[in-house]
$ cat upload_37.txt   # compact mmCIF, C-alpha atoms
# COMPACT_ATOMS: atom_id res chain seq x y z
CA MET A 1 -6.95 45.52 -2.02
CA THR A 2 -9.72 47.05 0.07
CA LEU A 3 -10.29 46.29 3.73
CA ALA A 4 -13.56 44.53 2.94
CA THR A 5 -11.86 42.27 0.41
CA ALA A 6 -9.06 41.46 2.85
CA ASN A 7 -11.57 40.61 5.58
CA ARG A 8 -13.50 38.40 3.17
CA LEU A 9 -10.33 36.54 2.19
CA ASN A 10 -9.39 36.11 5.84
CA LEU A 11 -12.85 34.73 6.57
CA VAL A 12 -12.59 32.28 3.66
CA GLY A 13 -9.13 31.20 4.81
CA PHE A 14 -10.41 30.69 8.37
CA ALA A 15 -13.35 28.63 7.09
CA ILE A 16 -11.05 26.43 5.00
CA THR A 17 -8.67 25.94 7.92
CA LEU A 18 -11.52 25.11 10.30
CA SER A 19 -12.99 22.62 7.82
CA THR A 20 -9.60 20.98 7.38
CA VAL A 21 -9.14 20.63 11.14
CA ILE A 22 -12.62 19.14 11.56
CA ILE A 23 -12.05 16.63 8.75
CA ALA A 24 -8.64 15.70 10.20
CA LEU A 25 -10.21 15.12 13.64
CA LEU A 26 -12.97 12.98 12.14
CA TRP A 27 -10.37 10.93 10.25
CA ALA A 28 -8.06 10.57 13.26
CA PHE A 29 -10.72 9.71 15.84
CA PRO A 30 -11.11 6.02 14.84
CA LEU A 31 -7.32 5.63 15.09
CA TYR A 32 -7.33 7.25 18.52
CA TRP A 33 -10.27 5.11 19.61
CA GLY A 34 -8.57 1.89 18.48
CA VAL A 35 -5.29 2.68 20.22
CA ILE A 36 -6.88 3.89 23.45
CA SER A 37 -9.27 0.92 23.56
CA SER A 38 -6.37 -1.49 23.17
CA LEU A 39 -4.96 -0.07 26.40
CA LYS A 40 -8.18 -0.62 28.37
CA PRO A 41 -9.15 -3.69 30.39
CA GLU A 42 -11.71 -5.78 28.51
CA ASP A 43 -14.56 -4.85 30.87
CA GLU A 44 -14.07 -1.16 30.03
CA VAL A 45 -14.07 -1.83 26.28
CA VAL A 46 -17.50 -3.48 26.34
CA ARG A 47 -19.20 -0.83 28.47
CA PRO A 48 -22.43 0.46 26.87
CA TYR A 49 -21.26 4.07 26.96
CA ILE A 50 -18.33 5.93 25.42
CA GLU A 51 -15.26 6.78 27.47
CA LEU A 52 -12.64 8.89 25.72
CA TRP A 53 -10.06 8.09 28.40
CA PRO A 54 -9.68 4.77 30.23
CA ASP A 55 -10.02 4.47 33.98
CA THR A 56 -7.13 2.00 33.99
CA PHE A 57 -4.29 1.49 31.53
CA THR A 58 -2.98 -1.99 30.79
CA LEU A 59 -0.45 -3.48 28.40
CA SER A 60 -1.63 -7.05 29.02
CA HIS A 61 -3.29 -7.28 25.60
CA TYR A 62 -0.04 -6.34 23.86
CA VAL A 63 1.85 -8.86 25.99
CA PHE A 64 -0.68 -11.51 24.97
CA ALA A 65 -0.39 -10.63 21.28
CA LEU A 66 3.41 -10.70 21.39
CA THR A 67 3.80 -13.85 23.49
CA GLN A 68 0.73 -16.01 22.92
CA THR A 69 0.31 -15.68 19.16
CA GLN A 70 2.51 -16.25 16.10
CA ILE A 71 2.76 -12.53 15.40
CA GLY A 72 6.52 -12.76 14.82
CA THR A 73 5.96 -15.34 12.09
CA TRP A 74 3.18 -13.22 10.59
CA TYR A 75 5.48 -10.20 10.55
CA LEU A 76 8.15 -12.25 8.76
CA ASN A 77 5.64 -13.51 6.19
CA SER A 78 4.44 -9.97 5.51
CA ILE A 79 7.98 -8.63 5.18
CA VAL A 80 8.98 -11.38 2.74
CA THR A 81 5.83 -11.24 0.59
CA ALA A 82 5.51 -7.43 0.59
CA SER A 83 9.20 -7.03 -0.28
CA ALA A 84 8.95 -9.58 -3.10
CA ILE A 85 5.81 -7.94 -4.49
CA THR A 86 7.44 -4.51 -4.32
CA VAL A 87 10.66 -5.51 -6.08
CA LEU A 88 8.99 -7.59 -8.78
CA THR A 89 6.16 -5.12 -9.40
CA VAL A 90 8.39 -2.06 -9.67
CA ALA A 91 10.95 -3.86 -11.85
CA SER A 92 8.38 -5.34 -14.24
CA SER A 93 6.37 -2.10 -14.40
CA LEU A 94 9.51 -0.10 -15.17
CA LEU A 95 10.47 -2.41 -18.05
CA CYS A 96 6.91 -2.49 -19.39
CA GLY A 97 6.55 1.29 -19.18
CA TYR A 98 9.89 1.79 -20.94
CA ALA A 99 9.03 -0.67 -23.71
CA ILE A 100 5.64 0.89 -24.44
CA SER A 101 7.08 4.40 -24.33
CA GLN A 102 10.35 4.00 -26.22
CA LEU A 103 10.25 0.84 -28.33
CA GLU A 104 8.38 -0.07 -31.48
CA PHE A 105 6.97 -3.61 -31.61
CA PRO A 106 3.83 -5.35 -32.94
CA LEU A 107 0.59 -4.82 -30.98
CA ARG A 108 2.21 -2.04 -28.97
CA ARG A 109 -0.85 0.22 -29.06
CA PRO A 110 -3.43 -2.53 -28.33
CA LEU A 111 -1.30 -3.57 -25.37
CA TRP A 112 -1.36 0.00 -24.10
CA TRP A 113 -5.15 0.14 -24.50
CA LEU A 114 -5.43 -3.13 -22.60
CA ILE A 115 -3.44 -1.71 -19.70
CA LEU A 116 -5.64 1.40 -19.62
CA ALA A 117 -8.79 -0.73 -19.78
CA SER A 118 -7.63 -2.79 -16.80
CA PHE A 119 -8.67 0.12 -14.57
CA MET A 120 -12.26 -0.90 -15.23
CA VAL A 121 -11.69 -4.41 -13.86
CA PRO A 122 -11.43 -4.47 -10.04
CA MET A 123 -9.16 -7.15 -8.62
CA GLN A 124 -12.09 -8.58 -6.65
CA THR A 125 -13.73 -9.69 -9.90
CA MET A 126 -10.69 -11.84 -10.70
CA ILE A 127 -10.40 -13.50 -7.31
CA VAL A 128 -12.09 -16.74 -8.45
CA ASN A 129 -9.84 -16.98 -11.52
CA HIS A 130 -6.75 -16.34 -9.41
CA PHE A 131 -7.81 -18.93 -6.89
CA GLU A 132 -8.46 -21.59 -9.54
CA LEU A 133 -5.14 -20.84 -11.25
CA MET A 134 -3.12 -20.99 -8.02
CA ALA A 135 -4.92 -24.17 -6.99
CA SER A 136 -4.19 -25.83 -10.35
CA LEU A 137 -0.52 -24.89 -9.99
CA GLY A 138 -0.41 -26.18 -6.41
CA LEU A 139 0.59 -22.77 -5.08
CA LEU A 140 -2.08 -22.29 -2.42
CA ASN A 141 -0.62 -22.08 1.09
CA THR A 142 2.72 -20.88 -0.29
CA TRP A 143 4.49 -17.52 -0.44
CA SER A 144 4.45 -17.76 -4.23
CA GLY A 145 0.68 -18.14 -4.17
CA ILE A 146 0.40 -14.92 -2.17
CA VAL A 147 2.85 -12.95 -4.30
CA LEU A 148 2.08 -13.84 -7.93
CA PRO A 149 -1.54 -12.57 -8.23
CA GLN A 150 -0.52 -9.24 -6.65
CA LEU A 151 2.28 -8.35 -9.07
CA ILE A 152 0.29 -6.36 -11.62
CA HIS A 153 -0.45 -2.72 -10.83
CA PRO A 154 -1.38 -0.91 -14.07
CA VAL A 155 -1.12 2.52 -12.47
CA ILE A 156 2.60 2.01 -11.88
CA ILE A 157 3.13 1.06 -15.53
CA ILE A 158 1.28 4.19 -16.60
CA VAL A 159 3.30 6.42 -14.27
CA TYR A 160 6.53 5.03 -15.70
CA LYS A 161 5.32 5.41 -19.28
CA GLN A 162 4.38 9.03 -18.72
CA PHE A 163 7.76 9.69 -17.13
CA PHE A 164 9.63 8.14 -20.07
CA ASP A 165 7.41 10.05 -22.51
CA GLY A 166 8.43 13.29 -20.80
CA VAL A 167 12.18 12.74 -21.17
CA PRO A 168 13.57 14.79 -24.08
CA LYS A 169 14.29 12.66 -27.15
CA ASP A 170 17.76 14.20 -27.43
CA PHE A 171 19.03 11.97 -24.60
CA ARG A 172 17.96 8.79 -26.37
CA GLU A 173 19.24 9.95 -29.75
CA ALA A 174 22.66 10.76 -28.30
CA ALA A 175 22.86 7.31 -26.68
CA VAL A 176 21.80 5.59 -29.92
CA MET A 177 24.50 7.49 -31.82
CA ASP A 178 27.02 6.07 -29.33
CA ASN A 179 25.77 2.55 -30.20
CA ALA A 180 24.36 2.03 -26.70
CA SER A 181 22.12 -0.99 -26.21
CA GLU A 182 18.55 -0.61 -24.96
CA TRP A 183 19.55 -1.94 -21.55
CA ARG A 184 22.40 0.58 -21.35
CA ILE A 185 20.09 3.41 -22.44
CA LEU A 186 17.59 2.45 -19.75
CA THR A 187 20.09 2.00 -16.92
CA ARG A 188 22.55 4.79 -17.77
CA VAL A 189 20.29 7.45 -19.29
CA TYR A 190 16.74 7.08 -17.98
CA MET A 191 17.13 5.41 -14.60
CA PRO A 192 19.39 8.08 -13.02
CA MET A 193 16.66 10.61 -13.76
CA ASN A 194 13.79 8.68 -12.14
CA TRP A 195 15.17 7.32 -8.88
CA GLY A 196 12.80 9.65 -7.02
CA VAL A 197 9.78 8.28 -8.86
CA THR A 198 10.95 4.70 -8.36
CA ALA A 199 11.51 5.21 -4.63
CA ALA A 200 8.07 6.78 -4.21
CA LEU A 201 6.33 4.00 -6.14
CA ALA A 202 8.26 1.32 -4.25
CA ILE A 203 7.21 2.73 -0.88
CA VAL A 204 3.55 2.93 -1.82
CA THR A 205 3.62 -0.55 -3.39
CA PHE A 206 5.10 -1.95 -0.17
CA ILE A 207 2.37 -0.29 1.89
CA TRP A 208 -0.32 -1.62 -0.46
CA SER A 209 1.15 -5.11 -0.24
CA TRP A 210 1.51 -4.99 3.53
CA ASN A 211 -2.13 -3.95 3.97
CA ALA A 212 -3.52 -6.48 1.47
CA PHE A 213 -6.08 -8.74 3.11
CA LEU A 214 -8.57 -10.34 0.71
CA TRP A 215 -6.22 -12.38 -1.47
CA PRO A 216 -3.84 -13.51 1.34
CA PHE A 217 -6.93 -14.46 3.35
CA LEU A 218 -8.15 -16.72 0.53
CA ALA A 219 -4.76 -18.07 -0.55
CA VAL A 220 -3.54 -19.21 2.87
CA THR A 221 -5.25 -21.38 5.47
CA GLN A 222 -2.22 -22.49 7.46
CA THR A 223 -1.62 -20.22 10.45
CA GLU A 224 2.17 -20.33 10.13
CA LEU A 225 1.97 -18.96 6.55
CA MET A 226 -0.45 -16.10 7.22
CA THR A 227 0.54 -12.49 6.74
CA ILE A 228 0.04 -10.03 9.57
CA THR A 229 -3.25 -8.67 8.22
CA VAL A 230 -4.71 -12.18 8.08
CA GLY A 231 -3.03 -13.45 11.22
CA ILE A 232 -4.60 -10.85 13.48
CA THR A 233 -8.00 -12.37 12.71
CA GLN A 234 -6.79 -15.41 14.66
CA VAL A 235 -6.26 -13.45 17.88
CA ASN A 236 -9.33 -14.68 19.68
CA ASP A 237 -10.25 -17.02 22.49
CA ALA A 238 -12.18 -20.26 22.79
CA PHE A 239 -14.54 -18.52 25.21
CA GLY A 240 -15.42 -15.62 22.92
CA VAL A 241 -14.06 -12.51 21.23
CA TYR A 242 -11.79 -10.21 23.23
CA TYR A 243 -12.01 -6.86 21.52
CA ALA A 244 -9.04 -5.26 23.27
CA ARG A 245 -6.81 -8.14 22.15
CA GLN A 246 -8.01 -7.76 18.58
CA LEU A 247 -7.33 -4.03 18.70
CA SER A 248 -3.85 -4.47 20.18
CA ALA A 249 -2.96 -6.94 17.41
CA ALA A 250 -4.35 -4.50 14.81
CA VAL A 251 -2.23 -1.67 16.24
CA LEU A 252 0.87 -3.87 16.10
CA ALA A 253 0.02 -4.83 12.51
CA GLY A 254 -0.30 -1.22 11.41
CA LEU A 255 2.69 0.09 13.34
CA PRO A 256 5.36 -0.65 10.68
CA VAL A 257 3.26 1.01 7.98
CA ALA A 258 2.67 4.06 10.18
CA ILE A 259 6.39 4.38 10.86
CA ALA A 260 7.21 3.97 7.17
CA TYR A 261 4.70 6.67 6.29
CA LEU A 262 6.14 9.10 8.86
CA VAL A 263 9.69 8.46 7.65
CA PHE A 264 8.90 8.59 3.92
CA GLN A 265 5.94 10.97 4.01
CA ARG A 266 7.17 13.15 1.17
CA ARG A 267 7.79 10.17 -1.11
CA VAL A 268 4.43 8.62 -0.27
CA THR A 269 2.63 11.89 -0.99
CA GLU A 270 4.50 12.19 -4.29
CA ALA A 271 3.49 8.69 -5.38
CA ILE A 272 -0.14 9.19 -4.36
CA THR A 273 -0.20 12.46 -6.29
CA LEU A 274 1.20 10.73 -9.37
CA SER A 275 -1.34 7.91 -9.07
CA ALA A 276 -4.23 10.29 -8.49
CA GLY A 277 -3.17 12.36 -11.48
CA ILE A 278 -3.20 9.27 -13.67
CA LYS A 279 -6.58 8.06 -12.44
CA GLY A 280 -8.06 11.52 -12.72

$ encode --input "upload_37.txt" --output "structure tokens"
Amino acid sequence: MTLATANRLNLVGFAITLSTVIIALLWAFPLYWGVISSLKPEDEVVRPYIELWPDTFTLSHYVFALTQTQIGTWYLNSIVTASAITVLTVASSLLCGYAISQLEFPLRRPLWWLILASFMVPMQTMIVNHFELMASLGLLNTWSGIVLPQLIHPVIIIVYKQFFDGVPKDFREAAVMDNASEWRILTRVYMPMNWGVTAALAIVTFIWSWNAFLWPFLAVTQTELMTITVGITQVNDAFGVYYARQLSAAVLAGLPVAIAYLVFQRRVTEAITLSAGIKG
């Protein structure tokens, strides 16, 4: 490699690194601004000019959010609904992916095409149908009404199917020769090989469910049943909007997800990579 080539590669590497840093700063700035503004007195937040650092720090907005709102109840609702969605979605997607990949049954291929086609139908287009169905079943303003319409995630089914397709057929044939049932084949042969995939998908599904806003916002009107993402919209005052209070509640709402991401970063990245690979 010549000196000129090495210098050119170093320049390209520097440009890529600089671009990455700039993009990271642009992405992180709104987070920084939200956190720092939540620590400002309200009169500093509404100033007509930008201050990157507050003149005075205060935790009064966090104290208000923790003591004067139902944020504990909202946390509990989010934990219960997000956990239920995660368990039911991963379990049903695993079984569906296994069935489509390994079993022969009528309409198997049309069902697979239907799952693939569902990518072209955004959930927002089905909101009215979901609302009418939940209303007819009397499930509005219930945890079940929040959970049920959020159980189907086609990308998770597709990830599982591709995983099962990639397992060598010898494993299944050996289990069949031992007269193993389908449930035993799934739990004793396939599942031990995909715990990593399942963990990654479960973490991402929980984060998706925790951050969901539109459907919980429409399905619940009672304050005591709201999830955290919906509940923080109630952190206001009869005399007007207090932006610092809203921001402090938003920071508290996002804190568990941020911690989960930091703890399970590798698994989250793995699941996002799998999902992006499927969608691409």

$ closest_atom_pairs --input "upload_37.txt" --of "segment 92-169 of chain A" --to "segment 210-231 of chain A" --cutoff "10 Å" --atoms "only C-alpha atoms" --output "JSON lines"
{"residue": "A:Met123", "atom": "CA", "partner": "A:Trp215", "partner_atom": "CA", "distance": 9.3}
{"residue": "A:Gln124", "atom": "CA", "partner": "A:Leu214", "partner_atom": "CA", "distance": 8.3}
{"residue": "A:Ile127", "atom": "CA", "partner": "A:Trp215", "partner_atom": "CA", "distance": 7.3}
{"residue": "A:Val128", "atom": "CA", "partner": "A:Leu218", "partner_atom": "CA", "distance": 9.8}
{"residue": "A:His130", "atom": "CA", "partner": "A:Trp215", "partner_atom": "CA", "distance": 8.9}
{"residue": "A:Phe131", "atom": "CA", "partner": "A:Ala219", "partner_atom": "CA", "distance": 7.1}
{"residue": "A:Met134", "atom": "CA", "partner": "A:Ala219", "partner_atom": "CA", "distance": 8.2}
{"residue": "A:Ala135", "atom": "CA", "partner": "A:Ala219", "partner_atom": "CA", "distance": 8.9}
{"residue": "A:Leu139", "atom": "CA", "partner": "A:Ala219", "partner_atom": "CA", "distance": 8.4}
{"residue": "A:Leu140", "atom": "CA", "partner": "A:Ala219", "partner_atom": "CA", "distance": 5.3}
{"residue": "A:Asn141", "atom": "CA", "partner": "A:Val220", "partner_atom": "CA", "distance": 4.5}
{"residue": "A:Thr142", "atom": "CA", "partner": "A:Leu225", "partner_atom": "CA", "distance": 7.1}
{"residue": "A:Trp143", "atom": "CA", "partner": "A:Leu225", "partner_atom": "CA", "distance": 7.6}
{"residue": "A:Ser144", "atom": "CA", "partner": "A:Ala219", "partner_atom": "CA", "distance": 9.9}
{"residue": "A:Gly145", "atom": "CA", "partner": "A:Ala219", "partner_atom": "CA", "distance": 6.5}
{"residue": "A:Ile146", "atom": "CA", "partner": "A:Pro216", "partner_atom": "CA", "distance": 5.7}
{"residue": "A:Val147", "atom": "CA", "partner": "A:Pro216", "partner_atom": "CA", "distance": 8.8}
{"residue": "A:Pro149", "atom": "CA", "partner": "A:Trp215", "partner_atom": "CA", "distance": 8.2}
{"residue": "A:Gln150", "atom": "CA", "partner": "A:Trp215", "partner_atom": "CA", "distance": 8.3}

$ residues_around --input "upload_37.txt" --residues "segment 241-247 of chain A" --least-positions-apart "5" --cutoff "9 Å" --atoms "only C-alpha atoms" --output "PDB file with C-alpha atoms, in the frame of the given file"
ATOM      1  CA  GLY A  34      -8.570   1.890  18.480  1.00  0.00           C
ATOM      2  CA  VAL A  35      -5.290   2.680  20.220  1.00  0.00           C
ATOM      3  CA  SER A  37      -9.270   0.920  23.560  1.00  0.00           C
ATOM      4  CA  SER A  38      -6.370  -1.490  23.170  1.00  0.00           C
ATOM      5  CA  LEU A  39      -4.960  -0.070  26.400  1.00  0.00           C
ATOM      6  CA  LYS A  40      -8.180  -0.620  28.370  1.00  0.00           C
ATOM      7  CA  PRO A  41      -9.150  -3.690  30.390  1.00  0.00           C
ATOM      8  CA  GLU A  42     -11.710  -5.780  28.510  1.00  0.00           C
ATOM      9  CA  VAL A  45     -14.070  -1.830  26.280  1.00  0.00           C
ATOM     10  CA  VAL A  46     -17.500  -3.480  26.340  1.00  0.00           C
ATOM     11  CA  SER A  60      -1.630  -7.050  29.020  1.00  0.00           C
ATOM     12  CA  HIS A  61      -3.290  -7.280  25.600  1.00  0.00           C
ATOM     13  CA  TYR A  62      -0.040  -6.340  23.860  1.00  0.00           C
ATOM     14  CA  PHE A  64      -0.680 -11.510  24.970  1.00  0.00           C
ATOM     15  CA  ALA A  65      -0.390 -10.630  21.280  1.00  0.00           C
ATOM     16  CA  ILE A 232      -4.600 -10.850  13.480  1.00  0.00           C
ATOM     17  CA  THR A 233      -8.000 -12.370  12.710  1.00  0.00           C
ATOM     18  CA  GLN A 234      -6.790 -15.410  14.660  1.00  0.00           C
ATOM     19  CA  VAL A 235      -6.260 -13.450  17.880  1.00  0.00           C
ATOM     20  CA  ASN A 236      -9.330 -14.680  19.680  1.00  0.00           C
ATOM     21  CA  LEU A 252       0.870  -3.870  16.100  1.00  0.00           C
TER      22      LEU A 252
END

$ residues_around --input "upload_37.txt" --residues "Ile157 of chain A" --least-positions-apart "5" --cutoff "7 Å" --atoms "only C-alpha atoms" --output "ChimeraX atom specification"
/A:93-94,96-97

$ residues_around --input "upload_37.txt" --residues "Leu114 of chain A" --least-positions-apart "5" --cutoff "12 Å" --atoms "all atoms listed in the file" --output "PyMOL selection string"
chain A and resi 100+107-109+119-121+154+157-158

$ atom_distance --input "upload_37.txt" --atom1 "atom CA of Gly196 of chain A" --atom2 "atom CA of Phe264 of chain A"
11.7 Å

$ residues_around --input "upload_37.txt" --residues "Leu31 of chain A" --least-positions-apart "5" --cutoff "12 Å" --atoms "only C-alpha atoms" --output "number ranges by chain"
A: 24-26, 36-38, 247-248, 250-251, 254-255, 258

$ atom_distance --input "upload_37.txt" --atom1 "atom CA of Leu88 of chain A" --atom2 "atom CA of Pro256 of chain A"
21.0 Å

$ atom_distance --input "upload_37.txt" --atom1 "atom CA of Thr89 of chain A" --atom2 "atom CA of Leu151 of chain A"
5.1 Å

$ closest_residue --input "upload_37.txt" --among "A:Tyr190, A:Tyr75, A:Phe105, A:Trp112" --to "Ala253 of chain A" --atoms "all atoms listed in the file"
A:Tyr75

$ closest_residue --input "upload_37.txt" --among "A:Val155, A:Ala249, A:Ile207, A:Val263" --to "Thr86 of chain A" --atoms "only C-alpha atoms"
A:Ile207

$ closest_residue --input "upload_37.txt" --among "A:Val189, A:Val63, A:Leu116, A:Val159" --to "Phe171 of chain A" --atoms "all atoms listed in the file"
A:Val189

$ decode --input "upload_37.txt" --residues "segment 11-22 of chain A" --atoms "N, CA and C atoms" --output "PDB file, in the first residue's frame"
ATOM      1  N   LEU A  11      -8.049   9.586   5.625  1.00  0.00           N
ATOM      2  CA  LEU A  11      -8.948  10.725   5.453  1.00  0.00           C
ATOM      3  C   LEU A  11     -10.399  10.270   5.379  1.00  0.00           C
ATOM      4  N   VAL A  12     -10.643   9.170   4.646  1.00  0.00           N
ATOM      5  CA  VAL A  12     -12.002   8.631   4.554  1.00  0.00           C
ATOM      6  C   VAL A  12     -12.485   8.159   5.929  1.00  0.00           C
ATOM      7  N   GLY A  13     -11.606   7.465   6.651  1.00  0.00           N
ATOM      8  CA  GLY A  13     -11.975   7.015   7.994  1.00  0.00           C
ATOM      9  C   GLY A  13     -12.278   8.168   8.919  1.00  0.00           C
ATOM     10  N   PHE A  14     -11.474   9.244   8.834  1.00  0.00           N
ATOM     11  CA  PHE A  14     -11.724  10.431   9.664  1.00  0.00           C
ATOM     12  C   PHE A  14     -13.061  11.068   9.310  1.00  0.00           C
ATOM     13  N   ALA A  15     -13.363  11.144   8.007  1.00  0.00           N
ATOM     14  CA  ALA A  15     -14.628  11.746   7.569  1.00  0.00           C
ATOM     15  C   ALA A  15     -15.818  10.938   8.069  1.00  0.00           C
ATOM     16  N   ILE A  16     -15.708   9.602   8.004  1.00  0.00           N
ATOM     17  CA  ILE A  16     -16.796   8.747   8.485  1.00  0.00           C
ATOM     18  C   ILE A  16     -16.980   8.908   9.981  1.00  0.00           C
ATOM     19  N   THR A  17     -15.857   8.938  10.709  1.00  0.00           N
ATOM     20  CA  THR A  17     -15.939   9.109  12.169  1.00  0.00           C
ATOM     21  C   THR A  17     -16.548  10.456  12.531  1.00  0.00           C
ATOM     22  N   LEU A  18     -16.108  11.505  11.855  1.00  0.00           N
ATOM     23  CA  LEU A  18     -16.643  12.844  12.126  1.00  0.00           C
ATOM     24  C   LEU A  18     -18.138  12.903  11.831  1.00  0.00           C
ATOM     25  N   SER A  19     -18.556  12.299  10.714  1.00  0.00           N
ATOM     26  CA  SER A  19     -19.977  12.282  10.364  1.00  0.00           C
ATOM     27  C   SER A  19     -20.793  11.533  11.409  1.00  0.00           C
ATOM     28  N   THR A  20     -20.238  10.419  11.889  1.00  0.00           N
ATOM     29  CA  THR A  20     -20.929   9.635  12.910  1.00  0.00           C
ATOM     30  C   THR A  20     -21.096  10.431  14.192  1.00  0.00           C
ATOM     31  N   VAL A  21     -20.049  11.136  14.587  1.00  0.00           N
ATOM     32  CA  VAL A  21     -20.111  11.944  15.811  1.00  0.00           C
ATOM     33  C   VAL A  21     -21.150  13.046  15.663  1.00  0.00           C
ATOM     34  N   ILE A  22     -21.158  13.713  14.505  1.00  0.00           N
ATOM     35  CA  ILE A  22     -22.122  14.797  14.283  1.00  0.00           C
ATOM     36  C   ILE A  22     -23.557  14.269  14.327  1.00  0.00           C
TER      37      ILE A  22
END
